[in-house]
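A.B. asks: Structure supplied as final-v7.cif; contents: mmCIF, C-alpha atoms.
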data_my_file
loop_
_atom_site.label_atom_id
_atom_site.label_comp_id
_atom_site.auth_asym_id
_atom_site.auth_seq_id
_atom_site.Cartn_x
_atom_site.Cartn_y
_atom_site.Cartn_z
CA MET A 29 0.00 0.00 0.00
CA ASN A 30 1.44 3.42 -0.97
CA LEU A 31 0.74 6.81 0.61
CA PRO A 32 -1.81 8.22 -1.92
CA LYS A 33 -3.74 4.96 -1.80
CA LEU A 34 -3.76 5.05 2.01
CA VAL A 35 -5.10 8.64 1.95
CA VAL A 36 -7.82 7.85 -0.59
CA ASN A 37 -8.86 4.67 1.24
CA ASN A 38 -9.12 6.49 4.56
CA MET A 39 -11.10 9.31 3.06
CA ALA A 40 -13.53 6.80 1.61
CA ARG A 41 -13.70 4.78 4.85
CA ARG A 42 -14.21 7.82 7.16
CA ARG A 43 -16.45 9.92 4.96
CA GLY A 44 -18.12 11.76 7.87
CA ARG A 45 -14.78 12.79 9.36
CA PHE A 46 -13.50 13.86 5.93
CA ILE A 47 -16.59 15.99 5.21
CA PHE A 48 -16.57 17.69 8.61
CA THR A 49 -12.85 18.43 8.44
CA LEU A 50 -13.32 19.89 4.96
CA LEU A 51 -16.29 21.94 6.23
CA GLY A 52 -14.19 23.23 9.13
CA ILE A 53 -11.43 24.41 6.79
CA THR A 54 -13.93 25.93 4.34
CA ILE A 55 -15.98 27.80 6.97
CA GLY A 56 -12.84 29.03 8.73
CA ILE A 57 -11.28 30.42 5.54
CA ALA A 58 -14.61 31.78 4.23
CA SER A 59 -15.36 33.66 7.45
CA PHE A 60 -11.82 35.07 7.55
CA VAL A 61 -12.03 36.33 3.96
CA THR A 62 -15.60 37.68 4.44
CA PHE A 63 -14.79 39.64 7.59
CA GLN A 64 -11.59 41.04 6.08
CA ALA A 65 -13.49 42.14 2.96
CA LEU A 66 -16.28 43.68 5.08
CA GLY A 67 -13.80 45.75 7.07
CA GLY A 68 -12.03 46.93 3.91
CA SER A 69 -15.22 47.91 2.12
CA LEU A 70 -16.48 49.82 5.20
CA LYS A 71 -13.36 51.99 5.09
CA LYS A 72 -13.65 52.55 1.33
CA GLU A 73 -17.33 53.51 1.70
CA VAL A 74 -16.54 56.16 4.32
CA GLN A 75 -13.78 57.62 2.16
CA ARG A 76 -16.13 57.74 -0.86
CA GLU A 77 -18.85 59.51 1.14
CA ALA A 78 -16.34 62.06 2.48
CA ASN A 79 -15.23 62.84 -1.08
CA ALA A 80 -18.85 63.10 -2.25
CA LEU A 81 -19.59 65.69 0.45
CA GLY A 82 -17.58 68.13 -1.65
CA ALA A 83 -16.59 70.37 1.29
CA ASN A 84 -13.27 71.19 2.96
CA LEU A 85 -15.00 72.17 6.20
CA VAL A 86 -18.22 71.26 7.94
CA VAL A 87 -19.72 73.62 10.49
CA THR A 88 -21.77 71.74 13.09
CA PRO A 89 -23.43 72.67 16.38
CA LYS A 90 -20.77 73.11 19.09
CA GLY A 91 -19.86 69.86 20.86
CA SER A 92 -21.06 67.55 18.09
CA CYS A 93 -19.83 64.01 18.68
CA ALA A 94 -18.32 61.58 16.19
CA TYR A 95 -21.71 59.87 15.74
CA GLU A 96 -23.16 63.12 14.43
CA GLN A 97 -20.24 63.44 12.03
CA VAL A 98 -21.02 59.93 10.78
CA SER A 99 -24.65 61.04 10.39
CA ILE A 100 -23.58 63.91 8.13
CA LEU A 101 -21.73 61.46 5.90
CA THR A 102 -24.54 58.92 5.83
CA GLY A 103 -27.46 61.33 5.44
CA GLU A 104 -29.05 60.61 8.81
CA ILE A 105 -30.86 63.21 10.88
CA VAL A 106 -28.53 65.75 12.50
CA PRO A 107 -29.73 68.07 15.30
CA SER A 108 -30.80 71.38 13.74
CA ASN A 109 -29.30 73.93 16.12
CA ILE A 110 -27.59 76.37 13.74
CA THR A 111 -29.52 79.58 13.20
CA MET A 112 -29.94 81.39 9.89
CA ASP A 113 -28.17 84.34 11.50
CA GLU A 114 -25.09 82.18 12.16
CA TYR A 115 -25.29 80.93 8.57
CA ALA A 116 -25.37 84.52 7.30
CA LYS A 117 -22.26 85.38 9.35
CA VAL A 118 -20.28 82.43 7.95
CA LYS A 119 -21.53 83.10 4.44
CA ALA A 120 -20.30 86.69 4.67
CA LEU A 121 -16.70 85.55 5.20
CA SER A 122 -14.53 86.00 2.12
CA GLY A 123 -12.45 83.31 0.46
CA MET A 124 -14.96 80.51 1.01
CA THR A 125 -18.29 79.28 -0.30
CA THR A 126 -20.87 78.22 2.31
CA VAL A 127 -24.04 76.21 1.75
CA PRO A 128 -26.59 75.31 4.43
CA VAL A 129 -28.22 71.87 4.78
CA LEU A 130 -31.26 70.84 6.81
CA ALA A 131 -30.95 67.06 7.20
CA GLU A 132 -34.25 65.29 7.90
CA LYS A 133 -35.93 61.93 7.26
CA SER A 134 -39.17 60.82 5.69
CA ALA A 135 -40.39 57.62 4.03
CA ILE A 136 -41.62 56.45 0.66
CA ASN A 137 -43.57 53.19 0.64
CA ASN A 138 -42.67 52.71 4.34
CA ARG A 139 -38.95 52.80 3.51
CA PRO A 140 -36.88 55.55 5.15
CA VAL A 141 -35.41 58.13 2.84
CA SER A 142 -33.09 61.07 3.58
CA VAL A 143 -34.55 64.51 2.97
CA SER A 144 -32.24 67.51 2.61
CA GLY A 145 -33.30 71.13 2.61
CA ILE A 146 -30.91 73.11 0.38
CA VAL A 147 -30.59 76.53 -1.22
CA PRO A 148 -31.02 75.38 -4.84
CA ASP A 149 -28.96 77.98 -6.71
CA GLU A 150 -26.07 77.69 -4.22
CA MET A 151 -25.99 73.92 -3.98
CA LEU A 152 -25.94 73.20 -7.73
CA PRO A 153 -22.51 74.81 -8.43
CA PHE A 154 -21.20 73.69 -5.01
CA LYS A 155 -21.84 70.01 -5.72
CA GLY A 156 -21.48 70.15 -9.47
CA TRP A 157 -24.65 68.11 -9.95
CA GLN A 158 -25.90 67.17 -13.39
CA LEU A 159 -29.55 66.58 -14.21
CA LEU A 160 -30.57 63.19 -15.54
CA ALA A 161 -34.17 64.14 -16.30
CA GLY A 162 -36.61 67.01 -15.79
CA GLU A 163 -35.71 70.41 -14.37
CA TYR A 164 -33.84 71.72 -11.37
CA LEU A 165 -35.40 73.67 -8.49
CA ALA A 166 -35.99 77.31 -9.39
CA ALA A 167 -36.53 79.16 -6.11
CA ASN A 168 -35.80 78.72 -2.40
CA ASP A 169 -39.49 78.65 -1.46
CA GLU A 170 -40.67 76.49 -4.34
CA THR A 171 -42.88 73.56 -3.36
CA ALA A 172 -41.13 70.85 -5.39
CA THR A 173 -38.38 68.25 -5.13
CA VAL A 174 -35.42 66.89 -7.06
CA ILE A 175 -34.41 63.33 -6.35
CA GLY A 176 -31.16 61.38 -6.43
CA ALA A 177 -30.76 58.82 -9.21
CA VAL A 178 -30.83 55.70 -7.02
CA ALA A 179 -33.87 56.86 -4.98
CA ALA A 180 -35.73 57.67 -8.21
CA GLU A 181 -35.02 54.19 -9.57
CA GLN A 182 -35.78 52.47 -6.26
CA PHE A 183 -39.17 54.17 -5.83
CA LYS A 184 -40.00 54.35 -9.57
CA LEU A 185 -40.16 58.15 -9.52
CA GLN A 186 -40.03 60.34 -12.62
CA PRO A 187 -40.42 64.08 -13.26
CA GLY A 188 -44.16 64.75 -13.14
CA GLY A 189 -44.63 62.24 -10.30
CA SER A 190 -44.92 63.19 -6.65
CA VAL A 191 -43.74 62.34 -3.15
CA THR A 192 -45.56 62.98 0.13
CA ILE A 193 -43.48 64.55 2.87
CA ARG A 194 -44.98 65.46 6.24
CA GLY A 195 -48.43 64.96 4.74
CA GLU A 196 -47.86 67.40 1.85
CA ARG A 197 -47.75 66.14 -1.72
CA LEU A 198 -44.75 67.60 -3.56
CA PRO A 199 -44.17 67.29 -7.30
CA VAL A 200 -40.96 65.68 -8.50
CA LYS A 201 -39.35 68.27 -10.75
CA GLY A 202 -36.15 66.53 -11.72
CA ILE A 203 -33.83 63.57 -11.24
CA LEU A 204 -30.14 64.14 -10.50
CA ALA A 205 -27.45 62.17 -12.31
CA ALA A 206 -25.69 59.58 -10.16
CA THR A 207 -22.85 60.93 -7.99
CA GLY A 208 -21.79 57.71 -6.28
CA GLY A 209 -22.51 59.18 -2.82
CA LYS A 210 -25.45 59.54 -0.42
CA ASP A 211 -26.93 62.27 -2.68
CA ASP A 212 -28.14 59.47 -4.94
CA LEU A 213 -30.48 58.27 -2.18
CA THR A 214 -31.75 61.68 -1.08
CA VAL A 215 -34.84 63.79 -1.74
CA PHE A 216 -33.87 67.48 -2.04
CA LEU A 217 -36.25 70.30 -1.18
CA PRO A 218 -35.70 74.05 -1.20
CA LEU A 219 -34.52 75.05 2.29
CA ALA A 220 -37.49 77.33 3.08
CA THR A 221 -39.95 74.58 2.08
CA ALA A 222 -38.10 71.98 4.19
CA GLN A 223 -38.02 74.32 7.20
CA ARG A 224 -41.78 74.94 6.86
CA LEU A 225 -42.65 71.25 6.46
CA PHE A 226 -40.48 70.06 9.36
CA ALA A 227 -41.54 72.98 11.57
CA ASN A 228 -37.89 73.98 11.85
CA SER A 229 -38.04 77.60 10.78
CA GLU A 230 -34.79 79.54 10.94
CA ARG A 231 -32.75 76.44 11.84
CA ILE A 232 -30.34 74.30 9.85
CA SER A 233 -28.38 71.13 10.57
CA TYR A 234 -24.92 71.93 9.25
CA LEU A 235 -22.99 74.17 6.88
CA ALA A 236 -20.75 72.77 4.16
CA VAL A 237 -17.85 75.09 3.38
CA LYS A 238 -15.53 75.02 0.39
CA VAL A 239 -12.36 77.08 0.90
CA ASP A 240 -11.01 78.84 -2.23
CA ASP A 241 -7.36 78.27 -1.25
CA VAL A 242 -6.94 74.67 -0.08
CA GLY A 243 -3.71 75.67 1.68
CA ALA A 244 -5.61 78.12 3.89
CA VAL A 245 -8.05 75.64 5.44
CA ASP A 246 -6.68 76.06 8.98
CA ALA A 247 -6.90 79.84 8.74
CA ALA A 248 -10.51 79.50 7.51
CA VAL A 249 -11.33 77.35 10.54
CA GLU A 250 -10.01 80.07 12.86
CA ARG A 251 -11.95 82.79 11.04
CA ILE A 252 -15.22 80.84 11.30
CA ARG A 253 -14.61 80.11 15.00
CA ALA A 254 -13.96 83.80 15.64
CA GLU A 255 -17.19 84.73 13.92
CA VAL A 256 -19.62 82.17 15.35
CA SER A 257 -19.71 79.89 18.38
CA LEU A 258 -20.01 76.67 16.40
CA GLY A 259 -17.94 73.55 15.89
CA VAL A 260 -15.79 73.42 12.75
CA VAL A 261 -14.23 70.22 11.46
CA THR A 262 -12.09 69.77 8.37
CA ASP A 263 -12.97 66.97 5.99
CA GLN A 264 -9.75 65.23 7.04
CA GLN A 265 -10.61 65.47 10.76
CA MET A 266 -14.11 64.18 10.07
CA LEU A 267 -12.72 61.34 7.97
CA SER A 268 -10.23 60.34 10.67
CA SER A 269 -12.81 60.44 13.49
CA VAL A 270 -15.23 58.36 11.43
CA LEU A 271 -12.43 55.98 10.47
CA THR A 272 -11.63 55.58 14.17
CA ILE A 273 -15.16 54.24 14.69
CA VAL A 274 -14.85 52.08 11.58
CA GLY A 275 -11.44 50.93 12.86
CA SER A 276 -12.97 49.59 16.07
CA VAL A 277 -15.58 47.73 13.98
CA ASN A 278 -12.72 46.37 11.86
CA VAL A 279 -10.87 45.11 14.94
CA THR A 280 -14.05 43.32 16.10
CA LEU A 281 -14.50 41.73 12.69
CA GLN A 282 -10.85 40.62 12.62
CA LEU A 283 -11.18 39.13 16.11
CA ILE A 284 -14.25 37.14 15.04
CA ALA A 285 -12.34 35.97 11.95
CA ALA A 286 -9.34 34.98 14.09
CA VAL A 287 -11.58 32.96 16.44
CA ALA A 288 -13.19 31.19 13.46
CA VAL A 289 -9.79 30.32 11.98
CA LEU A 290 -8.44 29.17 15.37
CA ALA A 291 -11.48 26.96 15.98
CA ALA A 292 -11.10 25.45 12.51
CA ALA A 293 -7.35 24.95 13.04
CA PHE A 294 -7.82 23.16 16.40
CA GLY A 295 -10.53 20.99 14.82
CA ILE A 296 -8.16 20.00 12.02
CA VAL A 297 -5.25 19.32 14.38
CA ASN A 298 -7.53 17.17 16.55
CA THR A 299 -8.72 15.19 13.53
CA MET A 300 -5.16 14.75 12.24
CA LEU A 301 -3.88 13.53 15.62
CA THR A 302 -6.77 11.08 16.03
CA ALA A 303 -6.26 9.80 12.51
CA THR A 304 -2.51 9.38 13.07
CA TYR A 305 -2.95 7.47 16.35
CA GLU A 306 -5.52 5.19 14.72
CA ARG A 307 -3.10 4.37 11.90
CA LYS A 308 0.10 3.83 13.87
CA ARG A 309 0.25 0.25 12.66
CA GLU A 310 -0.38 1.09 8.96
CA ILE A 311 2.16 3.94 9.06
CA GLY A 312 4.69 1.61 10.68
CA ILE A 313 4.26 -0.95 7.91
CA LEU A 314 4.79 1.82 5.28
CA MET B 93 -25.78 1.84 13.19
CA LYS B 94 -22.88 4.31 12.97
CA ARG B 95 -23.86 5.42 9.47
CA SER B 96 -27.49 5.99 10.46
CA LEU B 97 -26.33 8.05 13.46
CA LEU B 98 -24.23 10.20 11.15
CA ARG B 99 -27.19 10.68 8.81
CA VAL B 100 -29.44 11.74 11.71
CA PHE B 101 -26.78 14.23 12.78
CA VAL B 102 -26.41 15.69 9.28
CA TYR B 103 -30.19 15.95 8.73
CA THR B 104 -30.65 17.61 12.13
CA PHE B 105 -27.90 20.11 11.32
CA ILE B 106 -29.44 20.96 7.92
CA THR B 107 -32.96 21.29 9.43
CA LEU B 108 -31.73 23.58 12.22
CA ALA B 109 -29.72 25.71 9.79
CA GLY B 110 -32.75 26.00 7.48
CA ALA B 111 -35.06 26.92 10.36
CA ALA B 112 -32.62 29.58 11.55
CA LEU B 113 -32.41 31.06 8.05
CA LEU B 114 -36.21 31.03 7.60
CA SER B 115 -36.86 32.67 10.96
CA GLY B 116 -34.35 35.40 10.01
CA CYS B 117 -36.15 35.98 6.69
CA ASN B 118 -39.60 36.22 8.28
CA GLN B 119 -38.50 38.81 10.83
CA ALA B 120 -39.41 42.27 9.51
CA PRO B 121 -36.48 44.70 9.54
CA ALA B 122 -36.93 47.14 12.40
CA LEU B 123 -36.89 50.88 11.79
CA HIS B 124 -35.13 53.30 14.14
CA VAL B 125 -36.75 56.06 16.20
CA ASN B 126 -34.83 58.81 14.39
CA GLU B 127 -36.02 57.43 11.06
CA VAL B 128 -39.71 57.39 11.89
CA GLY B 129 -39.85 60.29 14.35
CA ALA B 130 -39.33 63.06 11.80
CA ASP B 131 -42.29 62.08 9.62
CA PRO B 132 -44.56 59.47 11.25
CA ALA B 133 -47.35 60.24 8.78
CA ALA B 134 -45.18 58.73 6.04
CA TYR B 135 -45.50 55.25 7.58
CA THR B 136 -48.70 53.34 7.01
CA GLY B 137 -49.82 49.92 8.25
CA THR B 138 -47.96 47.74 10.71
CA ILE B 139 -44.27 48.46 11.20
CA THR B 140 -41.61 47.48 13.75
CA VAL B 141 -39.52 50.13 15.47
CA THR B 142 -36.52 49.56 17.71
CA GLY B 143 -35.40 51.92 20.47
CA VAL B 144 -34.51 52.27 24.14
CA THR B 145 -37.12 53.04 26.82
CA LYS B 146 -36.45 56.52 28.20
CA GLY B 147 -39.45 57.16 30.46
CA PHE B 148 -43.20 56.98 31.02
CA SER B 149 -46.07 59.40 30.50
CA ARG B 150 -47.41 61.10 33.62
CA ASN B 151 -50.88 61.32 32.10
CA ASP B 152 -51.19 57.80 30.78
CA PRO B 153 -49.25 54.97 32.48
CA ALA B 154 -49.68 52.79 29.39
CA VAL B 155 -47.59 55.24 27.34
CA PHE B 156 -43.81 55.07 27.39
CA GLY B 157 -41.20 56.94 25.36
CA ILE B 158 -38.40 55.36 23.37
CA ILE B 159 -35.28 57.02 21.99
CA ASP B 160 -32.99 55.99 19.17
CA LEU B 161 -30.32 53.39 19.96
CA LYS B 162 -27.70 55.81 18.62
CA GLU B 163 -28.75 58.51 21.09
CA VAL B 164 -27.96 56.20 24.02
CA GLN B 165 -24.29 56.34 23.01
CA CYS B 166 -24.24 60.07 22.24
CA THR B 167 -22.82 62.12 25.12
CA SER B 168 -22.78 65.46 23.35
CA PRO B 169 -24.91 68.28 24.84
CA THR B 170 -26.35 68.92 21.37
CA CYS B 171 -28.04 65.49 21.16
CA SER B 172 -31.61 66.20 20.13
CA MET B 173 -32.89 62.85 21.49
CA PRO B 174 -36.35 62.80 19.91
CA VAL B 175 -38.72 60.58 21.91
CA LEU B 176 -41.30 58.35 20.26
CA PRO B 177 -44.39 57.86 22.43
CA VAL B 178 -45.61 54.23 22.44
CA LYS B 179 -48.92 53.04 23.85
CA PHE B 180 -49.14 49.40 24.87
CA ALA B 181 -51.83 47.59 26.82
CA GLY B 182 -49.66 44.67 27.98
CA LYS B 183 -46.64 44.36 30.27
CA LEU B 184 -44.54 47.50 30.01
CA PRO B 185 -40.74 47.56 29.71
CA VAL B 186 -38.54 49.30 32.29
CA VAL B 187 -36.30 52.34 31.71
CA GLY B 188 -33.21 51.32 29.74
CA ASP B 189 -34.86 48.33 28.06
CA GLU B 190 -34.06 48.03 24.37
CA VAL B 191 -37.37 47.12 22.76
CA ARG B 192 -38.79 46.12 19.39
CA VAL B 193 -42.32 47.50 19.18
CA THR B 194 -44.71 46.37 16.47
CA GLY B 195 -47.82 48.35 15.64
CA SER B 196 -48.92 51.45 13.75
CA PHE B 197 -49.07 55.22 14.08
CA VAL B 198 -52.32 56.81 15.16
CA GLN B 199 -53.00 60.52 15.02
CA VAL B 200 -53.77 62.12 18.37
CA GLN B 201 -54.19 65.68 19.46
CA GLY B 202 -50.88 67.43 18.87
CA GLY B 203 -49.11 64.73 16.92
CA TYR B 204 -48.73 61.01 16.45
CA LEU B 205 -48.66 58.10 18.88
CA PHE B 206 -47.30 54.63 18.13
CA SER B 207 -49.97 52.14 19.11
CA ALA B 208 -48.12 48.86 19.75
CA ASN B 209 -49.71 45.43 19.63
CA ASN B 210 -46.46 43.70 20.54
CA VAL B 211 -43.48 44.79 22.63
CA LYS B 212 -40.40 42.61 22.76
CA VAL B 213 -37.60 43.43 25.21
CA VAL B 214 -34.20 42.68 23.70
CA ARG B 215 -31.86 43.70 26.54
CA ASN B 216 -31.28 46.44 29.11
CA HIS B 217 -28.85 49.35 28.62
CA GLN B 218 -28.60 50.41 32.28
CA ILE B 219 -29.61 54.03 31.75
CA GLY B 220 -31.49 56.30 34.11
CA GLY B 221 -30.60 54.38 37.29
#
Using structure tokens, write down the structure that the file contains.

C.D. replies:
Amino acid sequence: MNLPKLVVNNMARRRGRFIFTLLGITIGIASFVTFQALGGSLKKEVQREANALGANLVVTPKGSCAYEQVSILTGEIVPSNITMDEYAKVKALSGMTTVPVLAEKSAINNRPVSVSGIVPDEMLPFKGWQLLAGEYLAANDETATVIGAVAAEQFKLQPGGSVTIRGERLPVKGILAATGGKDDLTVFLPLATAQRLFANSERISYLAVKVDDVGAVDAAVERIRAEVSLGVVTDQQMLSSVLTIVGSVNVTLQLIAAVAVLAAAFGIVNTMLTATYERKREIGIL
Amino acid sequence: MKRSLLRVFVYTFITLAGAALLSGCNQAPALHVNEVGADPAAYTGTITVTGVTKGFSRNDPAVFGIIDLKEVQCTSPTCSMPVLPVKFAGKLPVVGDEVRVTGSFVQVQGGYLFSANNVKVVRNHQIGG
């Protein structure tokens, strides 16, 4: 009897053991690869959303925590504590472009959807949006919406259709071309309309600021802080604080993967040892 | 004998795995308080919402308020912490209980109330003493 024949014979004789050992290896490796891939794609997703935000600075209510910064990136509700007066003061600063956003939530067909109140003529050049279909919003108090490409496809919405937000039916005026970020899943309303619907008059969630000279970002932060008592974070700071949270998720995922691989490895070692002890005689004859 | 035992083991494993998968599929995905709180009128029919019990109504002992899971972790003074009022006729959760409430929104004077027909306590977050 030669070695390959011995292996094949034993695999055929102990089919159950062979299958379970194979399953152990497969599940161990699969879970390791899956968790590693999950962690990697989480990080990539955050970086993509930060780029899609299109701002060098984000002005938030003072004392905002990292979770609220994540919310800005993901399009979740952010506390609306910034006044229009504070917005006007930041907007008046030279060397930067400031746009306000009121971040809210609604639902279409019982599925949550992000709603953003924006100043239409300021947001269009700020984001560099392109229209896929229909028309863009004309005025800040217009009662109409434009919708991100993915949301429009998901809810089968077209220009001429309508969405109901806070009990008011709003016509869909246009569909934005895909951007690859959270804007694709958002319903955009003129700021004044959003403030009226969500009973949030004179309040906004955050300000997105684009600095003309990228090298003068730190100076811009100081100028905004001197003007208003609000929190200012650079896109890099926001990215790193969000990545810290993602990092802790990554570590958890890697630990789970390590446990799965260890469990599989011990199972295999156990099976190998048992098999070797059982075949001492056969191995001796070889 | 040994082979039949192995078969029983394999079949049991497959059945249990299948049952676990099916039960996961049947469970409706729960919405979060922050998602539904901003526009409750947008949700129709029976939905499931998950949140953490924050307190009870002084006017109606069958009404308790739940906050978003995310707000439990937020320590910033700017946390808005919107509370969703839930009315339930059965056994009520205690403060700090993470719950999954199933029911629908009903319009009441001054807003909306979540009328629950099922409240499931998931775990306790040890908040509010």

A.B. asks: I would like the residues chosen by the PyMOL selection byres ((chain A and resi 291-301) around 8) on the shown file; could you give them as a list in words?

C.D. replies: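 So the PyMOL selection byres ((chain A and resi 291-301) around 8), applied here, picks out Arg45, Thr49, Gly52, Ile53, Ile55, Gly56, Val287, Ala288, Val289, Leu290, Thr302, Ala303, Thr304 and Tyr305 of chain A.
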
A.B. asks: Write out as a count of residues only each polymer residue whose atoms come within 12 Å of Leu34 (chain A), counting all atoms listed in the file; drop sequence neighbours fewer than 6 positions from it.

C.D. replies: 10

A.B. asks: Expand the PyMOL selection byres ((chain A) within 10 of (chain B)) into the explicit residue set it covers here, and present it as a PDB file with C-alpha atoms, in the frame of the given file.

C.D. replies:
ATOM      1  CA  ARG A  43     -16.450   9.920   4.960  1.00  0.00           C
ATOM      2  CA  GLY A  44     -18.120  11.760   7.870  1.00  0.00           C
ATOM      3  CA  ARG A  45     -14.780  12.790   9.360  1.00  0.00           C
ATOM      4  CA  THR A  88     -21.770  71.740  13.090  1.00  0.00           C
ATOM      5  CA  PRO A  89     -23.430  72.670  16.380  1.00  0.00           C
ATOM      6  CA  LYS A  90     -20.770  73.110  19.090  1.00  0.00           C
ATOM      7  CA  GLY A  91     -19.860  69.860  20.860  1.00  0.00           C
ATOM      8  CA  SER A  92     -21.060  67.550  18.090  1.00  0.00           C
ATOM      9  CA  CYS A  93     -19.830  64.010  18.680  1.00  0.00           C
ATOM     10  CA  ALA A  94     -18.320  61.580  16.190  1.00  0.00           C
ATOM     11  CA  TYR A  95     -21.710  59.870  15.740  1.00  0.00           C
ATOM     12  CA  GLU A  96     -23.160  63.120  14.430  1.00  0.00           C
ATOM     13  CA  GLU A 104     -29.050  60.610   8.810  1.00  0.00           C
ATOM     14  CA  ILE A 105     -30.860  63.210  10.880  1.00  0.00           C
ATOM     15  CA  VAL A 106     -28.530  65.750  12.500  1.00  0.00           C
ATOM     16  CA  PRO A 107     -29.730  68.070  15.300  1.00  0.00           C
ATOM     17  CA  SER A 108     -30.800  71.380  13.740  1.00  0.00           C
ATOM     18  CA  ASN A 109     -29.300  73.930  16.120  1.00  0.00           C
ATOM     19  CA  GLU A 132     -34.250  65.290   7.900  1.00  0.00           C
ATOM     20  CA  LYS A 133     -35.930  61.930   7.260  1.00  0.00           C
ATOM     21  CA  SER A 134     -39.170  60.820   5.690  1.00  0.00           C
ATOM     22  CA  ALA A 135     -40.390  57.620   4.030  1.00  0.00           C
ATOM     23  CA  ILE A 136     -41.620  56.450   0.660  1.00  0.00           C
ATOM     24  CA  ASN A 137     -43.570  53.190   0.640  1.00  0.00           C
ATOM     25  CA  ASN A 138     -42.670  52.710   4.340  1.00  0.00           C
ATOM     26  CA  ARG A 139     -38.950  52.800   3.510  1.00  0.00           C
ATOM     27  CA  PRO A 140     -36.880  55.550   5.150  1.00  0.00           C
ATOM     28  CA  VAL A 141     -35.410  58.130   2.840  1.00  0.00           C
ATOM     29  CA  SER A 142     -33.090  61.070   3.580  1.00  0.00           C
ATOM     30  CA  VAL A 191     -43.740  62.340  -3.150  1.00  0.00           C
ATOM     31  CA  THR A 192     -45.560  62.980   0.130  1.00  0.00           C
ATOM     32  CA  ILE A 193     -43.480  64.550   2.870  1.00  0.00           C
ATOM     33  CA  ARG A 194     -44.980  65.460   6.240  1.00  0.00           C
ATOM     34  CA  GLY A 195     -48.430  64.960   4.740  1.00  0.00           C
ATOM     35  CA  GLU A 196     -47.860  67.400   1.850  1.00  0.00           C
ATOM     36  CA  LEU A 225     -42.650  71.250   6.460  1.00  0.00           C
ATOM     37  CA  PHE A 226     -40.480  70.060   9.360  1.00  0.00           C
TER      38      PHE A 226
END

A.B. asks: Would you mind reading off the distance between CA of Ala220 (chain A) and CA of Gly145 (chain A), one decimal, in Å?

C.D. replies: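 Straight-line distance from CA of Ala220 (chain A) to CA of Gly145 (chain A) works out to 7.5 Å.
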
A.B. asks: Between CA of Ala236 (chain A) and CA of Thr262 (chain A), what is the distance, to one decimal in Å?

C.D. replies: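 Straight-line distance from CA of Ala236 (chain A) to CA of Thr262 (chain A) works out to 10.1 Å.
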
A.B. asks: Work out how far CA of Ala120 (chain A) is from CA of Ile252 (chain A), in Å to one decimal.

C.D. replies: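 Atom-to-atom, CA of Ile252 (chain A) to CA of Ala120 (chain A), that is 10.2 Å.
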
A.B. asks: Do you know which residues the PyMOL selection byres ((chain A and resi 118) around 10) returns on this file, as a list of chain:residue names?

C.D. replies: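 After applying the PyMOL selection byres ((chain A and resi 118) around 10), what remains is A:Val87, A:Met112, A:Asp113, A:Glu114, A:Tyr115, A:Ala116, A:Lys117, A:Lys119, A:Ala120, A:Leu121, A:Ser122, A:Met124, A:Thr125, A:Thr126, A:Val127, A:Leu235, A:Val237, A:Arg251, A:Ile252, A:Arg253, A:Glu255, A:Val256.
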
A.B. asks: Within 6 Å of (-38.4, 51.7, 16.5) (file coordinates; all atoms listed in the file), which protein or nucleic acid residues are there? I'd like them as a list in words.

C.D. replies: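 Every polymer residue passing the test: Leu123, His124, Val125, Thr140, Val141, Thr142 and Gly143 of chain B.
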
A.B. asks: Ranking A:Leu159, A:Ala179, A:Ala80, A:Ala167 by minimum distance to Gly209 (chain A) and counting only C-alpha atoms, which one comes first?

C.D. replies: A:Ala80

A.B. asks: Which one is closest to Leu85 (chain A): A:Val143, A:Val249, A:Leu50, A:Met39? Count only C-alpha atoms.

C.D. replies: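 Using only C-alpha atoms, the shortest distance to Leu85 (chain A) belongs to A:Val249.
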
A.B. asks: Between B:Val187, B:Ala122, B:Val214, B:Val164, which one has atoms that come closest to Lys146 (chain B), using all atoms listed in the file?

C.D. replies: B:Val187

A.B. asks: Taking all atoms listed in the file into account, name the residue in A:Leu130, A:Leu160, A:Ile203, A:Val74 that is nearest to Asn228 (chain A).

C.D. replies: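 Distance minimum relative to Asn228 (chain A) lands on A:Leu130.
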
A.B. asks: Would you mind listing what lies within 9 Å of Val144 (chain B) as JSON, numbers by chain, with all atoms listed in the file counted and same-chain residues fewer than 4 positions away left out?

C.D. replies: {"B": [157, 158, 159, 160, 161, 164, 187, 188, 189, 190, 191, 192, 216, 217]}

A.B. asks: Is there a way to get, as a CSV table (one decimal) with C-alpha atoms, in the coordinates of the input, all residues within 9 Å of the point (-38.6, 54.3, 33.9) in file coordinates, counting only C-alpha atoms?

C.D. replies:
chain,number,residue,atom,x,y,z
B,145,THR,CA,-37.1,53.0,26.8
B,146,LYS,CA,-36.4,56.5,28.2
B,147,GLY,CA,-39.4,57.2,30.5
B,148,PHE,CA,-43.2,57.0,31.0
B,156,PHE,CA,-43.8,55.1,27.4
B,185,PRO,CA,-40.7,47.6,29.7
B,186,VAL,CA,-38.5,49.3,32.3
B,187,VAL,CA,-36.3,52.3,31.7
B,188,GLY,CA,-33.2,51.3,29.7
B,220,GLY,CA,-31.5,56.3,34.1
B,221,GLY,CA,-30.6,54.4,37.3
